[in-house]
Each structure stands twice: as structure tokens, then as C-alpha cells.
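Engineer: My file is my_file.tsv. It has TSV, C-alpha atoms:
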chain	number	residue	atom	x	y	z
A	1	MET	CA	97.85	-16.02	121.28
A	2	SER	CA	99.12	-12.44	120.99
A	3	VAL	CA	96.21	-10.77	122.80
A	4	LEU	CA	96.16	-13.27	125.64
A	5	ILE	CA	99.63	-12.91	127.16
A	6	ALA	CA	99.35	-13.17	130.94
A	7	GLU	CA	99.84	-9.86	132.74
A	8	PRO	CA	99.68	-8.71	136.37
A	9	PRO	CA	96.18	-8.17	137.77
A	10	VAL	CA	94.58	-4.94	136.66
A	11	SER	CA	92.94	-4.22	140.00
A	12	SER	CA	93.58	-5.17	143.59
A	13	VAL	CA	91.41	-7.72	145.33
A	14	ALA	CA	89.18	-5.82	147.75
A	15	SER	CA	85.56	-5.72	148.78
A	16	LEU	CA	83.20	-5.73	145.85
A	17	ALA	CA	81.04	-2.70	145.19
A	18	LEU	CA	77.47	-4.00	144.87
A	19	CYS	CA	74.51	-2.13	143.45
A	20	CYS	CA	70.77	-2.62	143.56
A	21	PRO	CA	69.53	-4.62	140.55
A	22	ASP	CA	66.30	-2.59	140.57
A	23	CYS	CA	67.42	1.03	140.85
A	24	GLY	CA	71.22	0.88	140.53
A	25	HIS	CA	72.04	2.57	143.86
A	26	ALA	CA	74.77	1.24	146.14
A	27	LEU	CA	74.00	-1.48	148.68
A	28	ALA	CA	74.78	-0.97	152.36
A	29	GLY	CA	75.57	-3.67	154.94
A	30	LEU	CA	77.58	-6.08	152.81
A	31	ASP	CA	78.71	-8.31	155.69
A	32	GLY	CA	75.19	-9.51	156.48
A	33	ASP	CA	71.77	-8.55	155.16
A	34	SER	CA	72.05	-5.75	152.60
A	35	SER	CA	69.69	-2.92	151.79
A	36	CYS	CA	69.56	-0.47	148.91
A	37	CYS	CA	70.49	3.11	149.70
A	38	GLY	CA	68.01	4.28	147.08
A	39	CYS	CA	64.81	2.22	147.05
A	40	GLY	CA	65.31	0.55	150.45
A	41	ILE	CA	64.82	-3.05	149.24
A	42	ARG	CA	66.48	-5.62	151.53
A	43	PHE	CA	68.61	-8.46	150.20
A	44	PRO	CA	69.15	-11.08	152.93
A	45	LEU	CA	72.08	-13.46	153.16
A	46	ASP	CA	70.64	-16.97	153.55
A	47	GLU	CA	71.94	-19.76	155.76
A	48	GLY	CA	74.04	-21.15	152.93
A	49	GLY	CA	75.89	-17.86	152.52
A	50	VAL	CA	74.11	-17.02	149.23
A	51	ARG	CA	72.73	-13.53	148.67
A	52	ASP	CA	69.65	-13.22	146.45
A	53	LEU	CA	70.20	-10.12	144.29
A	54	ARG	CA	67.72	-10.87	141.53
A	55	PRO	CA	65.46	-7.94	140.58
A	56	ALA	CA	62.18	-7.75	142.48
A	57	ARG	CA	60.32	-8.21	139.19
A	58	HIS	CA	62.25	-11.38	138.41
A	59	ALA	CA	60.37	-14.67	138.68
A	60	ARG	CA	61.66	-16.57	141.70
A	61	ALA	CA	61.28	-19.97	140.07
A	62	GLU	CA	64.50	-21.92	139.58
A	63	PHE	CA	65.99	-21.68	136.09
A	64	SER	CA	66.40	-25.41	135.77
A	65	ARG	CA	66.22	-28.57	137.83
A	66	LEU	CA	69.19	-29.95	135.93
A	67	TRP	CA	71.80	-29.80	138.67
A	68	SER	CA	69.49	-30.91	141.48
A	69	LEU	CA	68.65	-34.03	139.46
A	70	TRP	CA	72.31	-34.52	138.65
A	71	GLU	CA	73.23	-34.30	142.35
A	72	GLU	CA	70.57	-36.93	143.09
A	73	GLY	CA	72.30	-39.27	140.65
A	74	ARG	CA	69.43	-39.23	138.12
A	75	LEU	CA	71.48	-37.69	135.33
A	76	GLY	CA	74.72	-39.62	135.33
A	77	ASP	CA	77.79	-39.81	137.55
A	78	ARG	CA	77.71	-37.19	140.33
A	79	GLY	CA	81.50	-36.88	140.24
A	80	LEU	CA	81.64	-35.94	136.56
A	81	LEU	CA	80.28	-33.03	134.51
A	82	TYR	CA	79.72	-34.32	130.98
A	83	ARG	CA	82.22	-37.14	131.65
A	84	ARG	CA	84.88	-34.72	132.91
A	85	THR	CA	85.93	-33.59	136.36
A	86	PRO	CA	85.60	-29.93	137.45
A	87	GLY	CA	89.39	-29.77	137.32
A	88	ASP	CA	89.31	-30.81	133.66
A	89	HIS	CA	86.78	-28.06	132.89
A	90	LEU	CA	88.96	-25.47	134.60
A	91	LEU	CA	91.99	-26.58	132.60
A	92	THR	CA	89.99	-26.10	129.39
A	93	VAL	CA	89.22	-22.51	130.41
A	94	LEU	CA	92.83	-21.86	131.41
A	95	ASP	CA	94.14	-23.31	128.15
A	96	SER	CA	92.01	-20.81	126.26
A	97	LEU	CA	93.30	-18.01	128.47
A	98	GLY	CA	96.93	-19.12	128.18
A	99	MET	CA	97.16	-19.35	131.98
A	100	ARG	CA	98.19	-21.81	134.64
A	101	PRO	CA	96.15	-22.43	137.81
A	102	HIS	CA	98.51	-20.54	140.13
A	103	GLU	CA	98.09	-17.40	137.99
A	104	LEU	CA	94.49	-17.12	139.19
A	105	ALA	CA	95.72	-16.00	142.62
A	106	GLY	CA	95.29	-12.28	143.21
A	107	LEU	CA	92.85	-11.73	140.36
A	108	ARG	CA	89.32	-10.49	140.90
A	109	ILE	CA	87.27	-13.22	139.21
A	110	LEU	CA	83.56	-13.49	138.38
A	111	GLU	CA	81.85	-16.56	136.95
A	112	VAL	CA	78.44	-15.78	135.46
A	113	GLY	CA	76.09	-18.75	135.20
A	114	MET	CA	77.81	-20.87	137.84
A	115	GLY	CA	75.28	-23.71	137.56
A	116	SER	CA	76.27	-26.52	139.90
A	117	GLY	CA	79.02	-24.39	141.46
A	118	ARG	CA	81.66	-27.05	140.81
A	119	LEU	CA	83.78	-24.92	138.45
A	120	LEU	CA	83.70	-21.95	140.82
A	121	ALA	CA	84.70	-24.24	143.69
A	122	GLU	CA	87.66	-25.43	141.62
A	123	ILE	CA	88.67	-21.81	140.92
A	124	GLN	CA	88.44	-21.03	144.64
A	125	ARG	CA	91.12	-23.62	145.32
A	126	TYR	CA	93.54	-21.14	143.75
A	127	ASN	CA	91.69	-17.88	144.43
A	128	PRO	CA	89.40	-17.98	147.50
A	129	SER	CA	87.93	-14.54	146.70
A	130	ALA	CA	86.48	-15.60	143.31
A	131	VAL	CA	82.71	-14.99	143.14
A	132	GLY	CA	79.89	-16.41	141.07
A	133	ALA	CA	76.44	-15.29	139.93
A	134	GLY	CA	73.58	-17.34	138.55
A	135	LEU	CA	69.80	-17.45	138.34
A	136	GLU	CA	69.75	-20.54	140.54
A	137	ARG	CA	71.43	-21.26	143.85
A	138	PRO	CA	74.54	-23.43	143.57
A	139	LEU	CA	74.43	-26.91	145.05
A	140	LEU	CA	75.33	-27.05	148.74
A	141	SER	CA	77.63	-29.97	147.94
A	142	SER	CA	79.82	-27.63	145.87
A	143	ASN	CA	81.13	-26.21	149.20
A	144	LEU	CA	81.60	-22.66	147.96
A	145	ARG	CA	83.02	-20.14	150.39
A	146	PRO	CA	80.21	-18.28	152.22
A	147	GLY	CA	79.38	-14.92	150.70
A	148	THR	CA	80.92	-15.67	147.29
A	149	ALA	CA	77.74	-16.86	145.51
A	150	TYR	CA	75.03	-14.50	144.31
A	151	CYS	CA	71.61	-15.24	142.84
A	152	ALA	CA	71.49	-12.69	140.05
A	153	ASP	CA	70.07	-11.98	136.61
A	154	LEU	CA	72.71	-11.65	133.87
A	155	PHE	CA	70.84	-8.66	132.46
A	156	HIS	CA	70.83	-6.94	135.88
A	157	LEU	CA	74.13	-7.95	137.46
A	158	PRO	CA	74.46	-6.43	140.95
A	159	PHE	CA	78.10	-5.36	140.57
A	160	ARG	CA	79.48	-1.94	139.76
A	161	PRO	CA	80.93	-2.01	136.21
A	162	GLU	CA	84.60	-2.69	135.46
A	163	GLN	CA	85.53	-4.44	138.70
A	164	PHE	CA	86.82	-7.81	137.48
A	165	ASP	CA	90.14	-8.88	136.03
A	166	LEU	CA	88.60	-12.07	134.63
A	167	VAL	CA	84.97	-12.84	133.77
A	168	ILE	CA	84.03	-16.42	132.84
A	169	CYS	CA	80.72	-17.34	131.22
A	170	LYS	CA	80.44	-20.96	130.16
A	171	SER	CA	77.49	-22.26	128.09
A	172	VAL	CA	75.09	-19.48	129.10
A	173	LEU	CA	74.71	-16.88	126.33
A	174	GLN	CA	72.94	-19.27	123.95
A	175	HIS	CA	70.18	-19.76	126.53
A	176	THR	CA	69.34	-16.07	126.95
A	177	PRO	CA	66.57	-14.27	125.01
A	178	ASP	CA	69.02	-11.64	123.71
A	179	PRO	CA	72.58	-13.06	123.49
A	180	ALA	CA	74.13	-9.86	122.11
A	181	LYS	CA	72.74	-7.79	124.98
A	182	ALA	CA	73.81	-10.48	127.45
A	183	PHE	CA	77.35	-10.29	126.07
A	184	ALA	CA	77.35	-6.51	126.50
A	185	CYS	CA	76.35	-6.97	130.15
A	186	LEU	CA	79.28	-9.34	130.65
A	187	ALA	CA	81.70	-7.00	128.89
A	188	ALA	CA	80.67	-4.13	131.18
A	189	GLN	CA	81.92	-6.11	134.20
A	190	VAL	CA	85.49	-6.42	132.88
A	191	ALA	CA	88.07	-3.89	134.07
A	192	PRO	CA	90.27	-2.21	131.44
A	193	GLY	CA	93.03	-4.68	130.64
A	194	GLY	CA	90.97	-7.56	132.03
A	195	ARG	CA	89.84	-10.65	130.14
A	196	LEU	CA	86.53	-12.20	129.18
A	197	TYR	CA	86.11	-15.91	128.40
A	198	ILE	CA	82.91	-17.29	126.88
A	199	ASN	CA	81.84	-20.70	125.61
A	200	VAL	CA	78.85	-20.85	123.21
A	201	PHE	CA	77.08	-23.18	120.80
A	202	GLU	CA	78.38	-22.89	117.25
A	203	LYS	CA	76.53	-23.68	114.08
A	204	GLY	CA	77.43	-27.10	112.77
A	205	MET	CA	78.34	-28.58	116.14
A	206	ARG	CA	77.04	-32.07	116.90
A	207	CYS	CA	74.78	-32.11	119.91
A	208	ALA	CA	71.31	-33.09	121.04
A	209	LEU	CA	69.75	-29.82	119.86
A	210	PHE	CA	68.12	-31.62	116.94
A	211	LEU	CA	65.55	-32.90	119.44
A	212	ARG	CA	64.26	-29.35	119.90
A	213	ALA	CA	63.32	-29.24	116.22
A	214	ILE	CA	61.32	-32.47	116.30
A	215	LEU	CA	59.85	-31.95	119.80
A	216	PRO	CA	58.12	-28.55	119.68
A	217	PHE	CA	57.88	-26.54	122.92
A	218	CYS	CA	59.95	-29.18	124.72
A	219	TRP	CA	60.85	-26.70	127.47
A	220	LEU	CA	57.21	-26.85	128.56
A	221	TYR	CA	57.12	-30.63	128.96
A	222	PRO	CA	56.72	-32.00	132.49
A	223	GLU	CA	59.97	-33.00	134.14
A	224	ARG	CA	59.10	-36.69	134.12
A	225	VAL	CA	58.51	-36.57	130.35
A	226	CYS	CA	61.88	-34.91	129.75
A	227	LEU	CA	63.54	-37.51	131.96
A	228	ALA	CA	61.84	-40.32	130.03
A	229	ILE	CA	62.96	-38.85	126.69
A	230	ALA	CA	66.49	-38.41	128.01
A	231	ALA	CA	66.57	-42.01	129.27
A	232	ALA	CA	65.35	-43.37	125.92
A	233	VAL	CA	67.91	-41.37	123.93
A	234	ALA	CA	70.68	-42.28	126.38
A	235	GLY	CA	69.78	-45.97	126.17
A	236	ALA	CA	69.99	-45.91	122.38
A	237	ARG	CA	73.28	-43.99	122.47
A	238	ALA	CA	74.80	-46.41	124.98
A	239	ALA	CA	73.71	-49.43	122.89
A	240	LEU	CA	75.21	-47.92	119.72
A	241	PHE	CA	78.36	-47.08	121.66
A	242	ALA	CA	78.78	-50.75	122.64
A	243	LEU	CA	77.96	-52.02	119.13
A	244	ARG	CA	80.39	-49.67	117.41
A	245	ARG	CA	83.22	-50.82	119.67
A	246	ARG	CA	82.14	-54.47	119.64
A	247	MET	CA	82.75	-54.69	123.34
A	248	PHE	CA	80.85	-54.79	126.59
A	249	ASP	CA	82.64	-52.64	129.13
A	250	ARG	CA	80.07	-52.02	131.84
A	251	GLU	CA	81.80	-48.92	133.21
A	252	ALA	CA	82.33	-47.32	129.79
A	253	ILE	CA	78.69	-47.96	128.85
A	254	ARG	CA	77.51	-46.53	132.16
A	255	LEU	CA	79.52	-43.34	131.57
A	256	GLU	CA	78.23	-43.05	128.00
A	257	TYR	CA	74.65	-43.49	129.20
A	258	GLY	CA	75.08	-40.81	131.88
A	259	LEU	CA	76.70	-38.38	129.44
A	260	ALA	CA	73.88	-38.82	126.90
A	261	LYS	CA	71.14	-38.53	129.51
A	262	LEU	CA	72.56	-35.35	131.03
A	263	GLY	CA	73.18	-33.77	127.62
A	264	THR	CA	69.72	-34.67	126.32
A	265	PHE	CA	67.90	-33.36	129.39
A	266	ASP	CA	70.00	-30.19	129.28
A	267	SER	CA	69.06	-29.61	125.62
A	268	LEU	CA	65.32	-29.96	126.31
A	269	GLN	CA	64.96	-27.71	129.35
A	270	PRO	CA	66.04	-24.16	128.33
A	271	ARG	CA	63.54	-21.88	126.59
A	272	HIS	CA	66.25	-20.61	124.21
A	273	ALA	CA	69.09	-22.49	122.52
A	274	PHE	CA	70.80	-20.37	119.86
A	275	ARG	CA	73.80	-21.27	117.73
A	276	PHE	CA	76.27	-18.73	116.38
A	277	ASN	CA	78.80	-18.22	113.64
A	278	PRO	CA	82.29	-17.53	115.05
A	279	GLY	CA	82.36	-14.27	113.11
A	280	GLU	CA	79.35	-12.81	114.88
A	281	VAL	CA	80.77	-13.70	118.30
A	282	LEU	CA	84.07	-12.02	117.45
A	283	GLU	CA	82.06	-9.00	116.29
A	284	TRP	CA	80.52	-8.75	119.78
A	285	PHE	CA	84.02	-8.56	121.23
A	286	ARG	CA	85.19	-6.01	118.66
A	287	THR	CA	82.19	-3.74	119.24
A	288	ALA	CA	82.77	-3.84	123.02
A	289	GLY	CA	86.44	-2.89	122.61
A	290	PHE	CA	88.00	-6.33	123.11
A	291	PRO	CA	90.78	-7.64	120.84
A	292	ALA	CA	89.73	-11.29	120.81
A	293	GLU	CA	90.29	-14.68	119.28
A	294	ARG	CA	88.56	-18.01	118.90
A	295	THR	CA	90.98	-20.26	120.75
A	296	SER	CA	89.16	-23.47	119.75
A	297	PRO	CA	85.67	-24.38	118.49
A	298	SER	CA	83.06	-22.70	120.74
A	299	HIS	CA	85.70	-21.03	122.97
A	300	PHE	CA	86.45	-17.29	122.75
A	301	VAL	CA	88.71	-15.00	124.77
A	302	GLY	CA	89.24	-11.25	124.62
A	303	ARG	CA	91.16	-8.61	126.54
A	304	LYS	CA	89.44	-5.30	127.19
A	305	SER	CA	91.25	-2.31	125.75
A	306	ALA	CA	92.40	0.30	128.23
A	307	SER	CA	90.35	2.91	126.35
A	308	PRO	CA	87.52	1.07	124.55
A	309	VAL	CA	86.45	2.57	121.24
A	310	ARG	CA	82.89	3.77	121.58
A	311	THR	CA	80.61	2.79	118.72
A	312	PRO	CA	77.10	4.00	117.86
A	313	ARG	CA	74.32	2.25	119.75
A	314	THR	CA	73.29	-0.27	117.15
A	315	THR	CA	72.51	-3.96	117.28
A	316	VAL	CA	75.62	-5.75	118.56
A	317	GLY	CA	76.40	-8.41	116.00
A	318	ARG	CA	73.89	-10.25	113.89
A	319	GLN	CA	71.14	-12.04	115.76
A	320	PRO	CA	70.53	-15.65	114.79
A	321	VAL	CA	67.19	-16.28	113.12
A	322	ARG	CA	64.83	-18.33	115.23
A	323	TRP	CA	62.86	-21.12	113.63
A	324	GLY	CA	59.27	-20.43	114.58
A	325	ALA	CA	58.71	-20.78	118.32
A	326	PHE	CA	61.16	-23.62	118.82
A	327	GLY	CA	63.89	-21.41	120.25
A	328	VAL	CA	66.73	-22.76	118.06
A	329	THR	CA	68.68	-21.33	115.17
A	330	ALA	CA	66.75	-21.82	111.97
A	331	ILE	CA	67.68	-25.03	110.13
A	332	SER	CA	65.83	-26.92	107.48
A	333	ILE	CA	63.88	-30.09	108.14
A	334	ALA	CA	66.34	-31.97	105.92
A	335	ASP	CA	69.31	-30.73	107.97
A	336	THR	CA	67.51	-31.69	111.17
A	337	TYR	CA	67.06	-35.30	110.17
A	338	LYS	CA	70.55	-35.42	108.69
A	339	ALA	CA	71.88	-34.34	112.10
A	340	LEU	CA	69.77	-37.02	113.74
A	341	LEU	CA	71.15	-39.77	111.49
A	342	VAL	CA	74.76	-38.63	111.86
A	343	ASP	CA	74.46	-38.41	115.63
A	344	MET	CA	72.91	-41.86	115.95
A	345	LEU	CA	75.29	-43.59	113.52
What is this file in C-alpha cells?
Structural biologist:
Amino acid sequence: MSVLIAEPPVSSVASLALCCPDCGHALAGLDGDSSCCGCGIRFPLDEGGVRDLRPARHARAEFSRLWSLWEEGRLGDRGLLYRRTPGDHLLTVLDSLGMRPHELAGLRILEVGMGSGRLLAEIQRYNPSAVGAGLERPLLSSNLRPGTAYCADLFHLPFRPEQFDLVICKSVLQHTPDPAKAFACLAAQVAPGGRLYINVFEKGMRCALFLRAILPFCWLYPERVCLAIAAAVAGARAALFALRRRMFDREAIRLEYGLAKLGTFDSLQPRHAFRFNPGEVLEWFRTAGFPAERTSPSHFVGRKSASPVRTPRTTVGRQPVRWGAFGVTAISIADTYKALLVDML
């Protein structure tokens, strides 16, 4: 863990410098409705304290209905995220960073792709000034502090570069059309000496992505169809779970069913779902000037060098090869069905 030793914050916690996602000029009026000093576009603060800073050309449709359905109780236990509490998820991030919760205080923190908002809310227990950005609005039930959540496009983040001591991006890069470019956008937000944590899909991991290979264009299916598929897969997984353990524990089966249903629905909805070799992810860090390490499967952390080495503008890392239009890393039909059998048995 040599590159991850905890150090004092690299910048003081003060008001964020925001910029227009369309033209890049500074925003004025940060306490209420904001307007761009260059193009004049207004960015209102809604009643929930969320500011919409997505580019004007960005489609206003929600990225996914996943968390709304989860909050309604249609995708498993509302108190758990993939069978774990938000506190458990935060501890996983902190373990990778080599930090303890109290060390979050005083840092300027950004979570990109905040999803439900539960992880950001957990971070705000220790650092109330932590902010989050995501294509969709966080759930009101997450109880985020007003003014700390931003609707924003990862490729057009509305923050001046190099403002944050810690940037967290969990399970997002694999769902972007250009993961290497998305990583570069994240890296630009980290202050010299600051840290970047990412969690991505790795090749060889067991998950429900095999469904994307046997269900072409699944991201275009109606919501009710995706829910029906998720329920069928979850039912089979829960039954196999009970049979393997030769027991009937109603609560354990209920949790297994909810986990499988949430995971299956989540795998069907995004347009893109890439998988990466650890080496190519570490190459992204190296190219951006971050000594980094893979702390555990799918988890990577790097610290930005004080004076990043500038490299020629070439493709950052090797892009995974897409299989046709299915939006997944290319795998053979034989490997697909092998993954299906292993996952079911």
C-alpha cells in the first residue's frame, strides 16, 4: 500500500468553483439559481436542493429507473444495496484507500455517479461538505444535504479542474461509451496529491452480464419485460440457493431473490457494459500521472503526482472490443453458455 499512505488534505474545504458545462465559463450566483457568465444559460436549484448542470444538448431523460424501482421495493430490500448496507459499501472504499471514516473530515470529496445517493449520504456523516454528481437525481429518501448534489454529465463535469482531494467513482466507467475518456475526465478533477478510487467490471468476473449476450438489445426492452426477466432469473437463483444449502430459511431466500433481481435488472438496463483487464485500467492511471494499484479484484486506487508527466495525446489504454451491437466485451458463444452454466450451478 505504498502509494496510498494517508496524508493531510491537499486543499482546504471552501466553496467550489463551478463552470458552465456548455461553454466552460464560470457560474455566478452559487447560493441560489446560477447563470453562466459567458453564454448566459441559467441553472436553477430545485426544491430538493439539486442543481441541474447537465449540458443543454444532453437528453433530459433519466439514465435508469433502477433506483426508483428499488426504493419502491420492487428490486429487493430497500435497506440494502446488493445485500449490503451503505456503511458496508463505504468501508469497502475506505479499505481500498487505506483510510478510516474519521479521516474523511476536512477533505474535499466528489462522488461521480452517485446513483441512489446512499453512499454519498454515508460519506456526509463524516464530511458534510462532500458533493456528488450523476446523470440522475438522487433519491429524496437519501437525505443528502441541500446543495451538495448535482445533475451532471461525466464527460462535461461542471467543476473547475483539480479541486478535489478524493474522487470516488463506483461501477460507472463500464457503462460509458468511452471508458478511457471518462477516466481522463475523472482524473482531471483530482488535485495534485489527491486520490482517485474506481470500481469497474473485470474480465472473468461472475455476474449477470451473460444475459446481454443471449438477449440482444436488452437495453431497449420495455421496463415491464426487464422486470419479468429479472424476476424469472431471481426465482431460479433463489431456488438453487435453497437446494444447494438443503435448507429453507425464508429470510435468506428473500435476500438472495432480491439480490439476484436487482443485479439482473441492473445488467439489462445500461446501453454499455464493458469489462477490462487490470493492466489496461492501471495504464489509464499511469498515463494520467497517478501511481496506482489494484487493491482487490475490480478495485483500483491512485494518487495524483504533484507534477504529472505529460504524455502525447494518444488513446488512453486499450479499448475493449465490443461484440457486435450488444455493448459487452467480446466473448465467444461457448464462453457465454459456460458462464451461464457456472452461474446457475
Engineer: Give the answer as one residue: which of A:Ile229, A:Ala306, A:Ala242, A:Ala188 has the shortest atom-to-atom distance to A:Ala288, using only C-alpha atoms?
Structural biologist: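 Closest residue, counting only C-alpha atoms: A:Ala188.
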Engineer: Do you have the atom CA of A:Arg74-atom CA of A:Thr264 distance handy?
Structural biologist: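 Pair atom CA of A:Arg74 / atom CA of A:Thr264 returns 12.7 Å.
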Engineer: Select, from A:Cys23, A:Ala232, A:Cys185, A:Leu243, the residue with the minimum atom-to-atom distance to A:Leu157, counting all atoms listed in the file.
Structural biologist: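 Selected residue with least distance to A:Leu157: A:Cys185.
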Engineer: Smallest atom-to-atom distance to A:Pro101: which of A:Phe164, A:Phe201, A:Tyr82, A:Tyr126, using only C-alpha atoms?
Structural biologist: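 Using only C-alpha atoms, the shortest distance to A:Pro101 belongs to A:Tyr126.
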Engineer: Show which residues sit within 8 Å of A:Phe241, as a PDB file with C-alpha atoms, in the frame of the given file. Count all atoms listed in the file, and ignore same-chain residues fewer than 3 positions away.
Structural biologist:
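Resulting contents of around18.pdb:
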ATOM      1  CA  ARG A 237      73.280 -43.990 122.470  1.00  0.00           C
ATOM      2  CA  ALA A 238      74.800 -46.410 124.980  1.00  0.00           C
ATOM      3  CA  ARG A 244      80.390 -49.670 117.410  1.00  0.00           C
ATOM      4  CA  ARG A 245      83.220 -50.820 119.670  1.00  0.00           C
ATOM      5  CA  ILE A 253      78.690 -47.960 128.850  1.00  0.00           C
ATOM      6  CA  GLU A 256      78.230 -43.050 128.000  1.00  0.00           C
TER       7      GLU A 256
END
Engineer: For atom CA of A:Val233 and atom CA of A:Pro297, determine how far apart the two atoms are, in Å to one decimal place.
Structural biologist: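 Between atom CA of A:Val233 and atom CA of A:Pro297 the gap works out to 25.2 Å.
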Engineer: Atom CA of A:Pro179 and atom CA of A:Gly204, how far apart in Å?
Structural biologist: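 Value for the atom CA of A:Gly204-atom CA of A:Pro179 distance: 18.3 Å.
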Engineer: Return the single residue from A:Gly87, A:Pro21, A:Pro138, A:Gly194 that is closest to A:His156, with distances computed using all atoms listed in the file.
Structural biologist: A:Pro21
Engineer: Considering all atoms listed in the file, state which residue in the set A:Ala133, A:Ala180, A:Val301, A:Ala236 is at the smallest distance from A:Thr287.
Structural biologist: A:Ala180
Engineer: Find the residue from A:Gly79, A:Pro55, A:Pro44, A:Gly263 that sits nearest to A:Leu209; use all atoms listed in the file when measuring.
Structural biologist: A:Gly263
Engineer: Please list as a list of chain:residue names every residue within 12 Å of A:Asp46, counting all atoms listed in the file and excluding residues in the same chain fewer than 2 positions away.
Structural biologist: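 Close residues of A:Asp46: A:Gly32, A:Asp33, A:Ser34, A:Phe43, A:Pro44, A:Gly48, A:Gly49, A:Val50, A:Arg51, A:Asp52, A:Leu53, A:Arg137, A:Pro146, A:Gly147, A:Ala149, A:Tyr150, A:Cys151.
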Engineer: Take the residues from that selection and write them out as an mmCIF file, in the coordinates of the input, keeping C-alpha atoms.
Structural biologist:
data_model
loop_
_atom_site.group_PDB
_atom_site.id
_atom_site.type_symbol
_atom_site.label_atom_id
_atom_site.label_comp_id
_atom_site.auth_asym_id
_atom_site.auth_seq_id
_atom_site.Cartn_x
_atom_site.Cartn_y
_atom_site.Cartn_z
ATOM 1 C CA GLY A 32 75.190 -9.510 156.480
ATOM 2 C CA ASP A 33 71.770 -8.550 155.160
ATOM 3 C CA SER A 34 72.050 -5.750 152.600
ATOM 4 C CA PHE A 43 68.610 -8.460 150.200
ATOM 5 C CA PRO A 44 69.150 -11.080 152.930
ATOM 6 C CA GLY A 48 74.040 -21.150 152.930
ATOM 7 C CA GLY A 49 75.890 -17.860 152.520
ATOM 8 C CA VAL A 50 74.110 -17.020 149.230
ATOM 9 C CA ARG A 51 72.730 -13.530 148.670
ATOM 10 C CA ASP A 52 69.650 -13.220 146.450
ATOM 11 C CA LEU A 53 70.200 -10.120 144.290
ATOM 12 C CA ARG A 137 71.430 -21.260 143.850
ATOM 13 C CA PRO A 146 80.210 -18.280 152.220
ATOM 14 C CA GLY A 147 79.380 -14.920 150.700
ATOM 15 C CA ALA A 149 77.740 -16.860 145.510
ATOM 16 C CA TYR A 150 75.030 -14.500 144.310
ATOM 17 C CA CYS A 151 71.610 -15.240 142.840
#
Engineer: Generate the coordinates of N, CA and C atoms for stretch 248-269 of chain A; report them as a compact mmCIF listing (two decimals), in the coordinates of the input.
Structural biologist:
# COMPACT_ATOMS: atom_id res chain seq x y z
N PHE A 248 81.80 -55.04 125.52
CA PHE A 248 80.85 -54.79 126.59
C PHE A 248 81.64 -54.43 127.85
N ASP A 249 81.96 -53.17 127.95
CA ASP A 249 82.64 -52.64 129.13
C ASP A 249 81.58 -51.93 129.95
N ARG A 250 81.18 -52.56 131.05
CA ARG A 250 80.07 -52.02 131.84
C ARG A 250 80.31 -50.58 132.28
N GLU A 251 81.52 -50.26 132.72
CA GLU A 251 81.80 -48.92 133.21
C GLU A 251 81.76 -47.89 132.08
N ALA A 252 82.33 -48.24 130.93
CA ALA A 252 82.33 -47.32 129.79
C ALA A 252 80.90 -47.07 129.31
N ILE A 253 80.08 -48.11 129.28
CA ILE A 253 78.69 -47.96 128.85
C ILE A 253 77.91 -47.12 129.85
N ARG A 254 78.18 -47.32 131.13
CA ARG A 254 77.51 -46.53 132.16
C ARG A 254 77.84 -45.04 132.01
N LEU A 255 79.11 -44.73 131.74
CA LEU A 255 79.52 -43.34 131.57
C LEU A 255 78.90 -42.74 130.31
N GLU A 256 78.83 -43.53 129.23
CA GLU A 256 78.23 -43.05 128.00
C GLU A 256 76.74 -42.78 128.20
N TYR A 257 76.08 -43.66 128.92
CA TYR A 257 74.65 -43.49 129.20
C TYR A 257 74.43 -42.21 130.02
N GLY A 258 75.23 -42.00 131.05
CA GLY A 258 75.08 -40.81 131.88
C GLY A 258 75.36 -39.54 131.10
N LEU A 259 76.37 -39.55 130.25
CA LEU A 259 76.70 -38.38 129.44
C LEU A 259 75.53 -38.04 128.51
N ALA A 260 74.97 -39.06 127.84
CA ALA A 260 73.88 -38.82 126.90
C ALA A 260 72.62 -38.36 127.62
N LYS A 261 72.35 -38.91 128.79
CA LYS A 261 71.14 -38.53 129.51
C LYS A 261 71.23 -37.10 130.01
N LEU A 262 72.37 -36.71 130.56
CA LEU A 262 72.56 -35.35 131.03
C LEU A 262 72.48 -34.37 129.87
N GLY A 263 73.18 -34.67 128.77
CA GLY A 263 73.18 -33.77 127.62
C GLY A 263 71.80 -33.62 126.99
N THR A 264 71.06 -34.73 126.91
CA THR A 264 69.72 -34.67 126.32
C THR A 264 68.78 -33.85 127.18
N PHE A 265 68.77 -34.11 128.48
CA PHE A 265 67.90 -33.36 129.39
C PHE A 265 68.26 -31.87 129.34
N ASP A 266 69.55 -31.58 129.31
CA ASP A 266 70.00 -30.19 129.28
C ASP A 266 69.57 -29.49 128.00
N SER A 267 69.47 -30.22 126.89
CA SER A 267 69.06 -29.61 125.62
C SER A 267 67.56 -29.35 125.57
N LEU A 268 66.78 -30.09 126.35
CA LEU A 268 65.32 -29.96 126.31
C LEU A 268 64.79 -28.86 127.22
N GLN A 269 65.49 -28.57 128.31
CA GLN A 269 64.96 -27.71 129.35
C GLN A 269 64.95 -26.21 129.04
